[in-house]
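Next comes input05.csv, with CSV, C-alpha atoms and all ligand atoms.
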```csv
chain,number,residue,atom,x,y,z
A,1,MET,CA,-36.5,2.4,-29.2
A,2,SER,CA,-34.5,0.4,-31.7
A,3,GLY,CA,-36.2,-2.7,-33.0
A,4,ARG,CA,-33.0,-4.7,-32.9
A,5,THR,CA,-32.1,-7.6,-30.6
A,6,LEU,CA,-29.4,-7.1,-28.0
A,7,ILE,CA,-27.4,-10.3,-27.0
A,8,LEU,CA,-25.4,-10.2,-23.9
A,9,GLY,CA,-22.6,-12.8,-23.8
A,10,GLY,CA,-20.5,-14.3,-26.6
A,11,GLY,CA,-20.3,-18.0,-25.5
A,12,PRO,CA,-22.0,-20.8,-27.5
A,13,ALA,CA,-25.5,-19.7,-26.5
A,14,GLY,CA,-25.1,-16.0,-27.4
A,15,ALA,CA,-23.1,-16.8,-30.6
A,16,ALA,CA,-25.7,-19.4,-31.8
A,17,ALA,CA,-28.5,-16.8,-31.2
A,18,ALA,CA,-26.5,-14.2,-33.1
A,19,ILE,CA,-25.7,-16.5,-36.1
A,20,THR,CA,-29.4,-17.6,-36.4
A,21,LEU,CA,-30.8,-14.1,-36.2
A,22,ALA,CA,-28.2,-12.6,-38.5
A,23,ARG,CA,-28.7,-15.4,-41.1
A,24,SER,CA,-32.3,-14.6,-41.3
A,25,GLY,CA,-31.8,-11.0,-42.0
A,26,ASP,CA,-31.9,-9.4,-38.5
A,27,ALA,CA,-28.7,-7.6,-37.4
A,28,PRO,CA,-28.4,-8.3,-33.7
A,29,LEU,CA,-25.8,-6.5,-31.5
A,30,LEU,CA,-23.8,-8.9,-29.3
A,31,VAL,CA,-21.8,-7.6,-26.3
A,32,GLU,CA,-19.0,-9.7,-24.9
A,33,ARG,CA,-16.8,-8.6,-22.1
A,34,ALA,CA,-13.7,-10.5,-23.3
A,35,ALA,CA,-11.7,-8.7,-26.0
A,36,VAL,CA,-10.6,-12.1,-27.4
A,37,PRO,CA,-12.1,-15.5,-26.5
A,38,ALA,CA,-10.7,-16.7,-23.1
A,39,GLU,CA,-10.2,-20.1,-21.5
A,40,LYS,CA,-13.4,-21.3,-19.7
A,41,VAL,CA,-14.0,-23.9,-17.0
A,42,CYS,CA,-15.3,-26.7,-19.2
A,43,GLY,CA,-14.5,-30.3,-19.8
A,44,GLU,CA,-14.6,-29.5,-23.6
A,45,PHE,CA,-16.5,-32.8,-24.4
A,46,LEU,CA,-18.7,-32.4,-27.4
A,47,GLY,CA,-21.3,-35.1,-27.7
A,48,ALA,CA,-23.4,-36.1,-30.7
A,49,ASP,CA,-25.9,-33.3,-30.2
A,50,ALA,CA,-23.2,-30.6,-30.0
A,51,ALA,CA,-21.4,-32.0,-33.0
A,52,ALA,CA,-24.5,-32.1,-35.1
A,53,LEU,CA,-25.5,-28.6,-34.0
A,54,LEU,CA,-22.1,-27.2,-34.8
A,55,GLU,CA,-22.1,-28.9,-38.2
A,56,GLY,CA,-25.5,-27.3,-38.9
A,57,LEU,CA,-24.0,-23.9,-38.0
A,58,GLY,CA,-21.2,-24.6,-40.5
A,59,LEU,CA,-18.2,-25.8,-38.4
A,60,ASP,CA,-16.3,-28.9,-39.3
A,61,LEU,CA,-14.9,-30.3,-36.1
A,62,ALA,CA,-12.4,-32.6,-37.7
A,63,ALA,CA,-11.0,-29.8,-39.9
A,64,MET,CA,-10.7,-27.7,-36.8
A,65,GLY,CA,-8.4,-30.2,-35.3
A,66,ALA,CA,-10.8,-31.7,-32.7
A,67,VAL,CA,-9.8,-35.1,-31.3
A,68,PRO,CA,-12.4,-37.9,-31.7
A,69,ILE,CA,-13.5,-39.7,-28.5
A,70,ARG,CA,-14.9,-43.2,-28.9
A,71,THR,CA,-14.5,-44.8,-25.4
A,72,ALA,CA,-15.4,-43.9,-21.8
A,73,LEU,CA,-13.2,-45.1,-19.0
A,74,PHE,CA,-14.6,-45.0,-15.4
A,75,GLY,CA,-12.6,-45.2,-12.2
A,76,ALA,CA,-13.7,-45.1,-8.5
A,77,GLY,CA,-11.4,-46.4,-5.8
A,78,ARG,CA,-10.2,-49.8,-6.9
A,79,HIS,CA,-13.0,-50.2,-9.4
A,80,ARG,CA,-12.6,-49.5,-13.1
A,81,SER,CA,-14.5,-50.2,-16.2
A,82,GLN,CA,-14.9,-49.0,-19.8
A,83,MET,CA,-17.5,-48.9,-22.5
A,84,PRO,CA,-17.7,-47.8,-26.1
A,85,LEU,CA,-19.5,-44.5,-26.5
A,86,PRO,CA,-22.8,-45.0,-28.4
A,87,PHE,CA,-21.7,-42.0,-30.6
A,88,VAL,CA,-18.5,-40.4,-31.7
A,89,ALA,CA,-17.7,-37.4,-29.4
A,90,TRP,CA,-15.1,-34.7,-29.8
A,91,SER,CA,-12.6,-32.7,-27.8
A,92,LEU,CA,-11.9,-29.1,-28.8
A,93,PRO,CA,-10.5,-26.3,-26.7
A,94,ARG,CA,-13.2,-23.7,-25.9
A,95,LEU,CA,-10.7,-21.0,-27.0
A,96,ARG,CA,-11.0,-22.3,-30.6
A,97,LEU,CA,-14.7,-23.2,-30.5
A,98,ASP,CA,-15.9,-19.8,-29.1
A,99,ALA,CA,-13.7,-17.9,-31.5
A,100,ALA,CA,-15.0,-19.9,-34.5
A,101,LEU,CA,-18.6,-19.3,-33.5
A,102,LEU,CA,-18.1,-15.5,-33.0
A,103,ASP,CA,-16.4,-15.4,-36.5
A,104,LEU,CA,-19.5,-17.1,-38.0
A,105,ALA,CA,-21.8,-14.5,-36.2
A,106,ALA,CA,-19.7,-11.6,-37.6
A,107,ALA,CA,-19.6,-13.1,-41.1
A,108,ALA,CA,-23.4,-13.5,-41.0
A,109,GLY,CA,-23.9,-9.8,-40.3
A,110,ALA,CA,-24.2,-9.6,-36.5
A,111,GLU,CA,-22.5,-6.6,-34.9
A,112,LEU,CA,-20.0,-7.6,-32.2
A,113,ARG,CA,-18.9,-5.3,-29.4
A,114,CYS,CA,-16.1,-7.2,-27.6
A,115,GLY,CA,-13.9,-6.1,-24.8
A,116,VAL,CA,-16.6,-4.3,-22.7
A,117,ALA,CA,-18.8,-5.8,-20.0
A,118,ALA,CA,-22.4,-4.8,-19.3
A,119,VAL,CA,-22.9,-3.8,-15.7
A,120,ALA,CA,-26.7,-3.8,-15.6
A,121,ALA,CA,-29.9,-4.2,-17.7
A,122,GLU,CA,-33.3,-2.8,-17.2
A,123,ALA,CA,-36.7,-2.8,-18.9
A,124,HIS,CA,-37.0,0.5,-20.7
A,125,ALA,CA,-39.7,2.0,-22.9
A,126,GLY,CA,-41.2,-1.4,-23.9
A,127,GLY,CA,-37.8,-2.8,-24.6
A,128,TRP,CA,-34.5,-3.3,-22.9
A,129,ARG,CA,-31.5,-1.0,-22.0
A,130,LEU,CA,-28.0,-2.2,-21.3
A,131,ARG,CA,-25.5,-0.1,-19.3
A,132,LEU,CA,-21.9,-0.9,-20.3
A,133,ALA,CA,-18.8,-0.5,-18.1
A,134,ASP,CA,-17.5,2.2,-20.4
A,135,GLY,CA,-20.6,4.3,-19.7
A,136,ALA,CA,-22.3,3.6,-23.0
A,137,ARG,CA,-26.0,2.7,-23.0
A,138,LEU,CA,-27.6,0.4,-25.6
A,139,GLU,CA,-31.2,0.0,-26.3
A,140,GLY,CA,-33.1,-2.8,-28.1
A,141,ALA,CA,-36.5,-4.2,-28.5
A,142,ARG,CA,-35.5,-7.4,-26.7
A,143,LEU,CA,-32.6,-8.9,-24.8
A,144,VAL,CA,-31.1,-12.4,-25.1
A,145,LEU,CA,-29.3,-13.0,-21.8
A,146,ALA,CA,-26.3,-15.3,-22.5
A,147,THR,CA,-23.9,-14.5,-19.7
A,148,GLY,CA,-23.4,-18.2,-18.8
A,149,LYS,CA,-22.2,-18.8,-15.3
A,150,HIS,CA,-22.1,-15.0,-14.6
A,151,GLU,CA,-25.0,-13.1,-13.1
A,152,LEU,CA,-26.0,-9.7,-14.3
A,153,ARG,CA,-27.1,-7.2,-11.7
A,154,GLY,CA,-30.9,-7.1,-11.6
A,155,LEU,CA,-31.3,-10.3,-13.6
A,156,ALA,CA,-29.5,-12.9,-11.4
A,157,ARG,CA,-30.8,-16.5,-11.5
A,158,PRO,CA,-32.6,-17.3,-8.3
A,159,ALA,CA,-30.1,-20.1,-7.4
A,160,THR,CA,-28.0,-20.4,-4.3
A,161,GLY,CA,-25.0,-22.6,-3.4
A,162,GLY,CA,-23.6,-24.7,-6.2
A,163,ALA,CA,-20.5,-26.6,-7.1
A,164,LEU,CA,-16.9,-25.4,-7.7
A,165,GLY,CA,-15.7,-26.0,-11.2
A,166,LEU,CA,-11.9,-26.4,-11.8
A,167,LYS,CA,-9.9,-26.8,-15.0
A,168,LEU,CA,-6.3,-27.6,-15.7
A,169,ALA,CA,-4.4,-28.4,-18.9
A,170,VAL,CA,-2.0,-31.2,-18.2
A,171,GLU,CA,1.0,-32.7,-20.1
A,172,GLY,CA,2.4,-36.2,-19.9
A,173,VAL,CA,-1.0,-38.0,-20.1
A,174,GLU,CA,-1.8,-40.6,-22.7
A,175,LEU,CA,-5.5,-41.3,-23.3
A,176,GLY,CA,-5.8,-42.2,-27.0
A,177,GLU,CA,-9.4,-41.6,-28.1
A,178,ALA,CA,-10.9,-42.0,-24.6
A,179,ILE,CA,-12.5,-39.8,-21.9
A,180,ALA,CA,-11.9,-40.9,-18.3
A,181,LEU,CA,-14.5,-40.1,-15.6
A,182,LEU,CA,-12.8,-40.3,-12.3
A,183,ALA,CA,-14.5,-40.2,-8.9
A,184,CYS,CA,-12.6,-38.2,-6.2
A,185,ARG,CA,-13.3,-36.7,-2.8
A,186,GLY,CA,-16.2,-34.3,-3.2
A,187,GLY,CA,-17.1,-35.0,-6.8
A,188,TYR,CA,-15.6,-36.2,-10.0
A,189,ALA,CA,-13.2,-35.3,-12.8
A,190,GLY,CA,-13.2,-35.6,-16.5
A,191,LEU,CA,-9.9,-36.2,-18.3
A,192,GLN,CA,-9.8,-36.2,-22.0
A,193,PRO,CA,-7.2,-35.6,-24.8
A,194,ARG,CA,-6.7,-31.9,-25.7
A,195,ALA,CA,-6.5,-31.0,-29.4
A,196,GLY,CA,-2.9,-29.9,-29.9
A,197,GLY,CA,-1.5,-32.2,-27.3
A,198,GLY,CA,-1.8,-33.0,-23.6
A,199,ALA,CA,-5.1,-33.5,-21.8
A,200,ASN,CA,-7.8,-31.4,-20.2
A,201,LEU,CA,-8.7,-32.1,-16.6
A,202,CYS,CA,-12.0,-30.7,-15.4
A,203,LEU,CA,-13.7,-31.2,-12.1
A,204,ALA,CA,-17.0,-30.4,-10.4
A,205,LEU,CA,-16.6,-30.5,-6.6
A,206,ALA,CA,-19.0,-29.9,-3.7
A,207,PRO,CA,-18.3,-26.8,-1.7
A,208,GLY,CA,-16.7,-27.6,1.7
A,209,THR,CA,-14.8,-30.6,0.3
A,210,PRO,CA,-11.7,-31.1,2.5
A,211,GLY,CA,-8.6,-29.9,0.6
A,212,LEU,CA,-10.7,-27.9,-1.9
A,213,ALA,CA,-9.0,-24.5,-1.3
A,214,GLU,CA,-5.6,-25.9,-1.9
A,215,ALA,CA,-6.7,-27.9,-5.0
A,216,ALA,CA,-8.2,-24.7,-6.4
A,217,ARG,CA,-4.9,-22.8,-6.0
A,218,ASP,CA,-2.2,-25.3,-6.6
A,219,PRO,CA,-2.0,-27.6,-9.7
A,220,ALA,CA,0.1,-30.2,-7.9
A,221,ALA,CA,-2.5,-30.4,-5.1
A,222,LEU,CA,-5.3,-30.7,-7.7
A,223,LEU,CA,-3.6,-33.6,-9.5
A,224,ALA,CA,-3.0,-35.3,-6.2
A,225,HIS,CA,-6.7,-34.8,-5.2
A,226,VAL,CA,-7.8,-36.6,-8.4
A,227,ALA,CA,-5.1,-39.3,-8.3
A,228,GLU,CA,-6.1,-40.2,-4.8
A,229,GLY,CA,-9.7,-41.0,-5.9
A,230,SER,CA,-9.0,-44.1,-8.0
A,231,ALA,CA,-6.4,-46.5,-9.1
A,232,LEU,CA,-7.3,-45.6,-12.7
A,233,ALA,CA,-6.6,-41.9,-12.0
A,234,ALA,CA,-3.4,-42.7,-10.2
A,235,GLY,CA,-2.2,-44.7,-13.3
A,236,LEU,CA,-3.3,-42.1,-15.9
A,237,LEU,CA,-1.8,-39.2,-13.9
A,238,ARG,CA,1.5,-40.9,-12.9
A,239,ALA,CA,3.6,-38.8,-15.2
A,240,ALA,CA,1.3,-35.8,-15.4
A,241,ARG,CA,2.7,-32.2,-15.3
A,242,PRO,CA,0.5,-29.1,-14.9
A,243,GLY,CA,0.3,-27.1,-18.2
A,244,TRP,CA,-0.8,-23.9,-16.4
A,245,PRO,CA,0.6,-22.1,-13.3
A,246,ARG,CA,-2.8,-22.5,-11.5
A,247,PRO,CA,-6.1,-24.0,-12.2
A,248,LEU,CA,-9.0,-22.0,-13.6
A,249,ALA,CA,-11.9,-21.9,-11.2
A,250,VAL,CA,-15.6,-20.9,-11.1
A,251,ALA,CA,-17.7,-21.1,-8.0
A,252,GLY,CA,-21.4,-21.5,-7.4
A,253,VAL,CA,-22.4,-23.5,-10.4
A,254,PRO,CA,-26.1,-24.3,-9.8
A,255,TYR,CA,-26.4,-27.8,-11.2
A,256,GLY,CA,-30.0,-28.7,-11.9
A,257,TYR,CA,-31.2,-25.1,-12.3
A,258,LEU,CA,-34.0,-24.8,-14.8
A,259,HIS,CA,-35.8,-21.5,-15.6
A,260,ARG,CA,-39.4,-22.4,-16.1
A,261,GLY,CA,-40.6,-19.1,-17.4
A,262,GLY,CA,-43.9,-17.9,-15.9
A,263,ALA,CA,-45.0,-14.4,-16.6
A,264,GLY,CA,-41.3,-13.3,-16.4
A,265,SER,CA,-40.1,-10.2,-18.1
A,266,PRO,CA,-41.5,-9.6,-21.6
A,267,GLY,CA,-38.7,-9.5,-24.2
A,268,LEU,CA,-36.1,-11.1,-22.0
A,269,PHE,CA,-34.9,-14.5,-23.5
A,270,ARG,CA,-32.6,-16.5,-21.3
A,271,VAL,CA,-30.3,-19.0,-23.1
A,272,GLY,CA,-27.5,-21.3,-22.3
A,273,ASP,CA,-26.5,-21.6,-18.6
A,274,GLN,CA,-28.9,-18.7,-17.9
A,275,VAL,CA,-31.9,-20.9,-18.7
A,276,ALA,CA,-30.7,-24.4,-17.6
A,277,VAL,CA,-27.5,-25.9,-16.0
A,278,VAL,CA,-27.1,-29.6,-16.5
A,279,PRO,CA,-24.6,-31.4,-14.3
A,280,SER,CA,-21.3,-31.4,-16.1
A,281,LEU,CA,-19.9,-34.5,-17.6
A,282,CYS,CA,-23.3,-36.2,-17.2
A,283,GLY,CA,-25.0,-33.9,-19.8
A,284,ASP,CA,-23.9,-31.6,-22.7
A,285,GLY,CA,-24.0,-28.0,-21.5
A,286,ILE,CA,-22.6,-26.8,-24.8
A,287,ALA,CA,-25.3,-28.6,-26.9
A,288,MET,CA,-28.0,-27.1,-24.7
A,289,ALA,CA,-26.4,-23.6,-25.0
A,290,LEU,CA,-26.3,-23.9,-28.8
A,291,ALA,CA,-29.9,-25.3,-29.1
A,292,SER,CA,-31.4,-22.8,-26.7
A,293,GLY,CA,-29.7,-19.9,-28.5
A,294,GLN,CA,-31.1,-21.1,-31.8
A,295,ARG,CA,-34.6,-21.7,-30.4
A,296,ALA,CA,-34.7,-18.3,-28.7
A,297,ALA,CA,-33.7,-16.7,-32.1
A,298,ALA,CA,-36.4,-18.7,-33.9
A,299,ALA,CA,-39.0,-17.6,-31.3
A,300,ILE,CA,-38.0,-14.0,-31.8
A,301,GLN,CA,-38.2,-14.3,-35.6
A,302,ALA,CA,-41.6,-15.9,-35.3
A,303,GLY,CA,-42.8,-13.1,-33.0
A,304,ARG,CA,-43.4,-15.6,-30.1
A,305,GLY,CA,-43.0,-14.3,-26.6
A,306,ALA,CA,-40.3,-15.1,-24.1
A,307,ALA,CA,-42.7,-16.9,-21.8
A,308,ALA,CA,-43.7,-19.4,-24.6
A,309,TYR,CA,-40.1,-20.0,-25.5
A,310,HIS,CA,-39.0,-20.6,-21.9
A,311,ALA,CA,-41.9,-23.0,-21.3
A,312,ALA,CA,-41.2,-25.0,-24.5
A,313,TRP,CA,-37.5,-25.2,-23.6
A,314,ALA,CA,-38.2,-26.4,-20.0
A,315,GLY,CA,-40.5,-29.1,-21.4
A,316,ALA,CA,-37.8,-30.2,-23.9
A,317,VAL,CA,-34.9,-30.6,-21.5
A,318,ALA,CA,-36.5,-31.5,-18.2
A,319,PRO,CA,-36.4,-35.3,-18.7
A,320,GLY,CA,-32.8,-35.3,-19.8
A,321,MET,CA,-31.9,-33.0,-16.9
A,322,ARG,CA,-33.5,-35.4,-14.5
A,323,LEU,CA,-31.5,-38.4,-15.8
A,324,ALA,CA,-28.3,-36.3,-15.7
A,325,GLY,CA,-29.1,-35.4,-12.1
A,326,LEU,CA,-29.5,-39.1,-11.2
A,327,ALA,CA,-26.2,-39.9,-12.8
A,328,ASP,CA,-24.6,-37.0,-11.0
A,329,GLY,CA,-26.0,-38.0,-7.7
A,330,LEU,CA,-24.9,-41.6,-8.2
A,331,MET,CA,-21.4,-40.4,-9.1
A,332,ALA,CA,-21.3,-38.3,-5.9
A,333,ARG,CA,-22.7,-40.9,-3.5
A,334,ALA,CA,-21.9,-44.4,-4.9
A,335,PRO,CA,-19.5,-43.9,-7.8
A,336,TRP,CA,-18.4,-47.6,-7.6
A,337,ALA,CA,-22.0,-48.6,-8.5
A,338,LEU,CA,-21.9,-46.5,-11.7
A,339,VAL,CA,-18.4,-47.7,-12.6
A,340,ARG,CA,-19.4,-51.4,-12.1
A,341,GLY,CA,-22.8,-50.9,-13.9
A,342,ALA,CA,-21.1,-49.3,-16.9
A,343,GLY,CA,-18.8,-52.3,-17.2
A,344,ALA,CA,-21.4,-55.0,-16.5
A,345,TRP,CA,-24.3,-53.4,-18.6
A,346,PRO,CA,-22.7,-51.4,-21.4
A,347,ARG,CA,-25.9,-51.3,-23.4
A,348,LEU,CA,-27.8,-49.9,-20.5
A,349,ALA,CA,-25.0,-47.4,-19.9
A,350,GLY,CA,-25.1,-46.5,-23.6
A,351,TRP,CA,-28.9,-45.9,-23.3
A,352,ALA,CA,-28.4,-43.6,-20.3
A,353,ALA,CA,-25.6,-41.7,-22.1
A,354,ARG,CA,-27.9,-41.1,-25.0
A,355,GLY,CA,-30.8,-40.2,-22.8
A,356,THR,CA,-28.8,-37.4,-21.0
A,357,ARG,CA,-27.9,-36.1,-24.5
A,358,MET,CA,-31.5,-35.1,-25.2
A,359,GLY,CA,-31.5,-35.2,-29.0
A,360,LEU,CA,-31.4,-31.5,-29.3
A,361,ALA,CA,-29.9,-31.3,-32.8
B,401,LIG,C1,-16.8,-28.0,-14.4
B,401,LIG,C2,-17.6,-27.9,-15.7
B,401,LIG,C3,-17.3,-28.8,-16.7
B,401,LIG,C4,-18.1,-28.7,-17.9
B,401,LIG,N1,-17.8,-29.6,-18.9
B,401,LIG,C5,-18.6,-29.6,-20.1
B,401,LIG,C6,-18.3,-30.5,-21.1
B,401,LIG,O1,-17.4,-31.3,-21.1
B,401,LIG,N2,-19.1,-30.4,-22.2
B,401,LIG,C7,-20.2,-29.6,-22.3
B,401,LIG,O2,-20.9,-29.6,-23.3
B,401,LIG,N3,-20.4,-28.7,-21.3
B,401,LIG,C8,-19.6,-28.7,-20.2
B,401,LIG,N4,-19.9,-27.7,-19.2
B,401,LIG,C9,-21.0,-26.8,-19.4
B,401,LIG,C10,-20.6,-25.7,-20.4
B,401,LIG,O3,-19.4,-25.1,-20.1
B,401,LIG,C11,-21.7,-24.6,-20.3
B,401,LIG,O4,-23.0,-25.2,-20.3
B,401,LIG,C12,-21.6,-23.7,-21.6
B,401,LIG,O5,-20.4,-23.0,-21.6
B,401,LIG,C13,-22.7,-22.6,-21.5
B,401,LIG,O6,-22.6,-21.7,-22.6
B,401,LIG,P1,-23.1,-20.2,-22.4
B,401,LIG,O7,-22.9,-19.6,-23.8
B,401,LIG,O8,-24.4,-20.2,-21.8
B,401,LIG,O9,-22.1,-19.6,-21.4
B,401,LIG,P2,-20.5,-19.3,-21.4
B,401,LIG,O10,-19.8,-20.2,-22.3
B,401,LIG,O11,-20.1,-19.2,-20.0
B,401,LIG,O12,-20.4,-17.9,-22.1
B,401,LIG,C14,-20.9,-16.7,-21.4
B,401,LIG,C15,-20.2,-15.5,-22.0
B,401,LIG,O13,-20.8,-14.3,-21.5
B,401,LIG,C16,-19.8,-13.4,-21.2
B,401,LIG,N5,-20.2,-12.5,-20.2
B,401,LIG,C17,-20.6,-12.8,-18.9
B,401,LIG,N6,-21.0,-11.8,-18.2
B,401,LIG,C18,-20.9,-10.7,-19.1
B,401,LIG,C19,-21.2,-9.3,-19.0
B,401,LIG,N7,-21.7,-8.8,-17.9
B,401,LIG,N8,-21.0,-8.5,-20.1
B,401,LIG,C20,-20.5,-9.0,-21.2
B,401,LIG,N9,-20.2,-10.4,-21.4
B,401,LIG,C21,-20.4,-11.2,-20.3
B,401,LIG,C22,-18.6,-14.2,-20.8
B,401,LIG,O14,-17.4,-13.6,-21.0
B,401,LIG,C23,-18.7,-15.5,-21.7
B,401,LIG,O15,-18.0,-15.4,-22.9
B,401,LIG,C24,-19.1,-27.7,-18.0
B,401,LIG,C25,-19.3,-26.8,-17.0
B,401,LIG,C26,-18.6,-26.9,-15.8
B,401,LIG,C27,-18.8,-25.9,-14.7
```

Translate the structure described by the file into structure tokens.
Amino acid sequence: MSGRTLILGGGPAGAAAAITLARSGDAPLLVERAAVPAEKVCGEFLGADAAALLEGLGLDLAAMGAVPIRTALFGAGRHRSQMPLPFVAWSLPRLRLDAALLDLAAAAGAELRCGVAAVAAEAHAGGWRLRLADGARLEGARLVLATGKHELRGLARPATGGALGLKLAVEGVELGEAIALLACRGGYAGLQPRAGGGANLCLALAPGTPGLAEAARDPAALLAHVAEGSALAAGLLRAARPGWPRPLAVAGVPYGYLHRGGAGSPGLFRVGDQVAVVPSLCGDGIAMALASGQRAAAAIQAGRGAAAYHAAWAGAVAPGMRLAGLADGLMARAPWALVRGAGAWPRLAGWAARGTRMGLA
């Protein structure tokens, strides 16, 4: 059995674990199924935690062309409000972010095997064995599971149901340095400027929402679905044109899922969306992915077990997850209250925005 660490998944969580391990002298092996980084369903909002963590890893968001975001706009029905963000946030396409993180991992000495998926993992001889789609088998002393929204056979999260996530690049939208949170039937959308031009529209919708199947297939139907939800969205999207032939979709996103550890499987470290899924647009999934990847790597280096790492992580993020869950529930059930509250009490809204951000950096 090799003493090395296997990392499955090359999103922010897997890459952060690989960078941290490699920089301290380990040489982890990271397996990523995409041959080159691909678009992902994500609002691409990088809050203060994510920005600080990325800077700590060595990325300069401004130099990478990220767009600063200083204001949040809210729209629900005829209600609208706005507030200054209590921090500078950033918008950067996941394509660029994920590629830059994997480059850092390779430069630090991690071995990357991209373009091949793992089909299964099993405990083997005191460590872990991965079976790859090309028939290869890889063995390691431990496994960092960083497959994000995707389950691996034998290690699936015990979560059922979940939201539908949709993403569409759009042209013809002017937002300046603002993100717009827009209530619509079945959930809400985030609309923010996209580095390089246009805007990124990203939605989390409840399954069974009327019109959902059409919105997931047809960009024009998706834009109409959002525009119908508020006067603010109708105005912002008046001249919008889809930038892609169809939206990108991911089903079954288990918001609120938190892996609390327990005895679990020794040597199996869950990170990113595999350890906790914060409601999108109410919390920073990318910051949580980066921080969990780093903390799992630190635990491995210190010889701490997976159970201790999982318990510490759950303790650190549970309060912020609860607050994000409340904001998510309010946005789903009484979005006008949140919209009016943000306008009337911007300091309270700023406190809540900071609270869901968790101070992970
Ligand atoms: C609708 C929506 C909007 C969101 N908006 C935001 C936002 O604005 N800001 C924010 O911070 N967060 C946002 N998030 C959350 C954020 O996208 C995730 O929390 C983050 O991507 C998790 O990172 P990760 O590394 O765990 O997983 P991922 O980024 O999903 O990466 C997982 C990687 O594993 C690879 N993989 C999967 N299975 C296998 C396999 N079997 N073999 C090999 N490789 C595999 C995948 O190809 C992928 O590259 C949003 C999420 C949703 C659903």

Requested in this report: Point out the residue among A:Ala180, A:Ala146, A:Ile286, A:Ala48 with the least atom-to-atom distance to A:Arg94, counting all atoms listed in the file.
Outcome: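 Of all the options, A:Ile286 lies closest to A:Arg94.
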
**Report entry** Residue nearest ligand LIG 401 (chain B) - candidates A:Glu55, A:Asp98, A:Glu122, A:Asp134, atoms counted: all atoms listed in the file
**Finding:**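 Looking at the shortest contact to ligand LIG 401 (chain B), the residue is A:Asp98.
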
Query raised in the report: Residues within 6 Å of ligand LIG 401 (chain B) (all atoms listed in the file), as a PyMOL selection string?
Result: chain A and resi 8-14+31-34+41-46+117-119+146-150+152+165-166+202-204+272-273+280-281+284-287+289

Query raised in the report: To one decimal place, how far is atom CA of A:Ile69 from atom CA of A:Ala233 in Å?
Result: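 Calculated distance between atom CA of A:Ile69 and atom CA of A:Ala233 is 18.0 Å.
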
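Proximity ranking of A:Trp90, A:Phe74, A:Phe269, A:Tyr255 relative to A:Ala189 places A:Phe74 first, based on all atoms listed in the file.
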
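Taking atom CA of A:Ala311 and atom CA of A:Asp49 as endpoints, the distance between them is 21.0 Å.
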
**Report entry** Best match for closeness to A:Arg157 among A:Arg260, A:Asn200, A:Leu61, A:Val170, counting only C-alpha atoms
**Finding:** A:Arg260

Requested in this report: Record the distance separating atom CA of A:Val173 and atom CA of A:Arg241, expressed in Å with one decimal.
Outcome: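 Distance reported for this atom pair: 8.4 Å.
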
Considering only C-alpha atoms, return as an mmCIF file with C-alpha atoms, in the coordinates of the input whatever protein or nucleic-acid residues lie within 12 Å of A:Leu248, sequence-local ones (same chain, fewer than 3 positions apart) excluded.
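The resulting file, around00.cif, is reproduced below:
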```
data_model
loop_
_atom_site.group_PDB
_atom_site.id
_atom_site.type_symbol
_atom_site.label_atom_id
_atom_site.label_comp_id
_atom_site.auth_asym_id
_atom_site.auth_seq_id
_atom_site.Cartn_x
_atom_site.Cartn_y
_atom_site.Cartn_z
ATOM 1 C CA ALA A 38 -10.700 -16.700 -23.100
ATOM 2 C CA GLU A 39 -10.200 -20.100 -21.500
ATOM 3 C CA LYS A 40 -13.400 -21.300 -19.700
ATOM 4 C CA VAL A 41 -14.000 -23.900 -17.000
ATOM 5 C CA CYS A 42 -15.300 -26.700 -19.200
ATOM 6 C CA GLY A 43 -14.500 -30.300 -19.800
ATOM 7 C CA LEU A 164 -16.900 -25.400 -7.700
ATOM 8 C CA GLY A 165 -15.700 -26.000 -11.200
ATOM 9 C CA LEU A 166 -11.900 -26.400 -11.800
ATOM 10 C CA LYS A 167 -9.900 -26.800 -15.000
ATOM 11 C CA LEU A 168 -6.300 -27.600 -15.700
ATOM 12 C CA ALA A 169 -4.400 -28.400 -18.900
ATOM 13 C CA ASN A 200 -7.800 -31.400 -20.200
ATOM 14 C CA LEU A 201 -8.700 -32.100 -16.600
ATOM 15 C CA CYS A 202 -12.000 -30.700 -15.400
ATOM 16 C CA LEU A 203 -13.700 -31.200 -12.100
ATOM 17 C CA ALA A 215 -6.700 -27.900 -5.000
ATOM 18 C CA ALA A 216 -8.200 -24.700 -6.400
ATOM 19 C CA ARG A 217 -4.900 -22.800 -6.000
ATOM 20 C CA ASP A 218 -2.200 -25.300 -6.600
ATOM 21 C CA PRO A 219 -2.000 -27.600 -9.700
ATOM 22 C CA LEU A 222 -5.300 -30.700 -7.700
ATOM 23 C CA PRO A 242 0.500 -29.100 -14.900
ATOM 24 C CA GLY A 243 0.300 -27.100 -18.200
ATOM 25 C CA TRP A 244 -0.800 -23.900 -16.400
ATOM 26 C CA PRO A 245 0.600 -22.100 -13.300
ATOM 27 C CA ALA A 251 -17.700 -21.100 -8.000
#
```

Query raised in the report: Using only C-alpha atoms, which of the listed residues (A:Ile300, A:Leu92, A:Leu205, A:Leu191) sits closest to A:Ala63?
Result: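 Using only C-alpha atoms, the shortest distance to A:Ala63 belongs to A:Leu92.
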
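Counting all atoms listed in the file and comparing A:Ala297, A:Leu53, A:Met64, A:Gly47, the residue that lies closest to A:Pro86 is A:Gly47.
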
Query raised in the report: What lies within 9 Å of A:Arg185 using all atoms listed in the file, ignoring chain neighbours under 3 positions off, as a list in words?
Result: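 Result of the neighbour search: Tyr188, Leu205, Ala206, Thr209, Pro210, Gly211, His225, Val226, Glu228, Gly229 and Ala332 of chain A.
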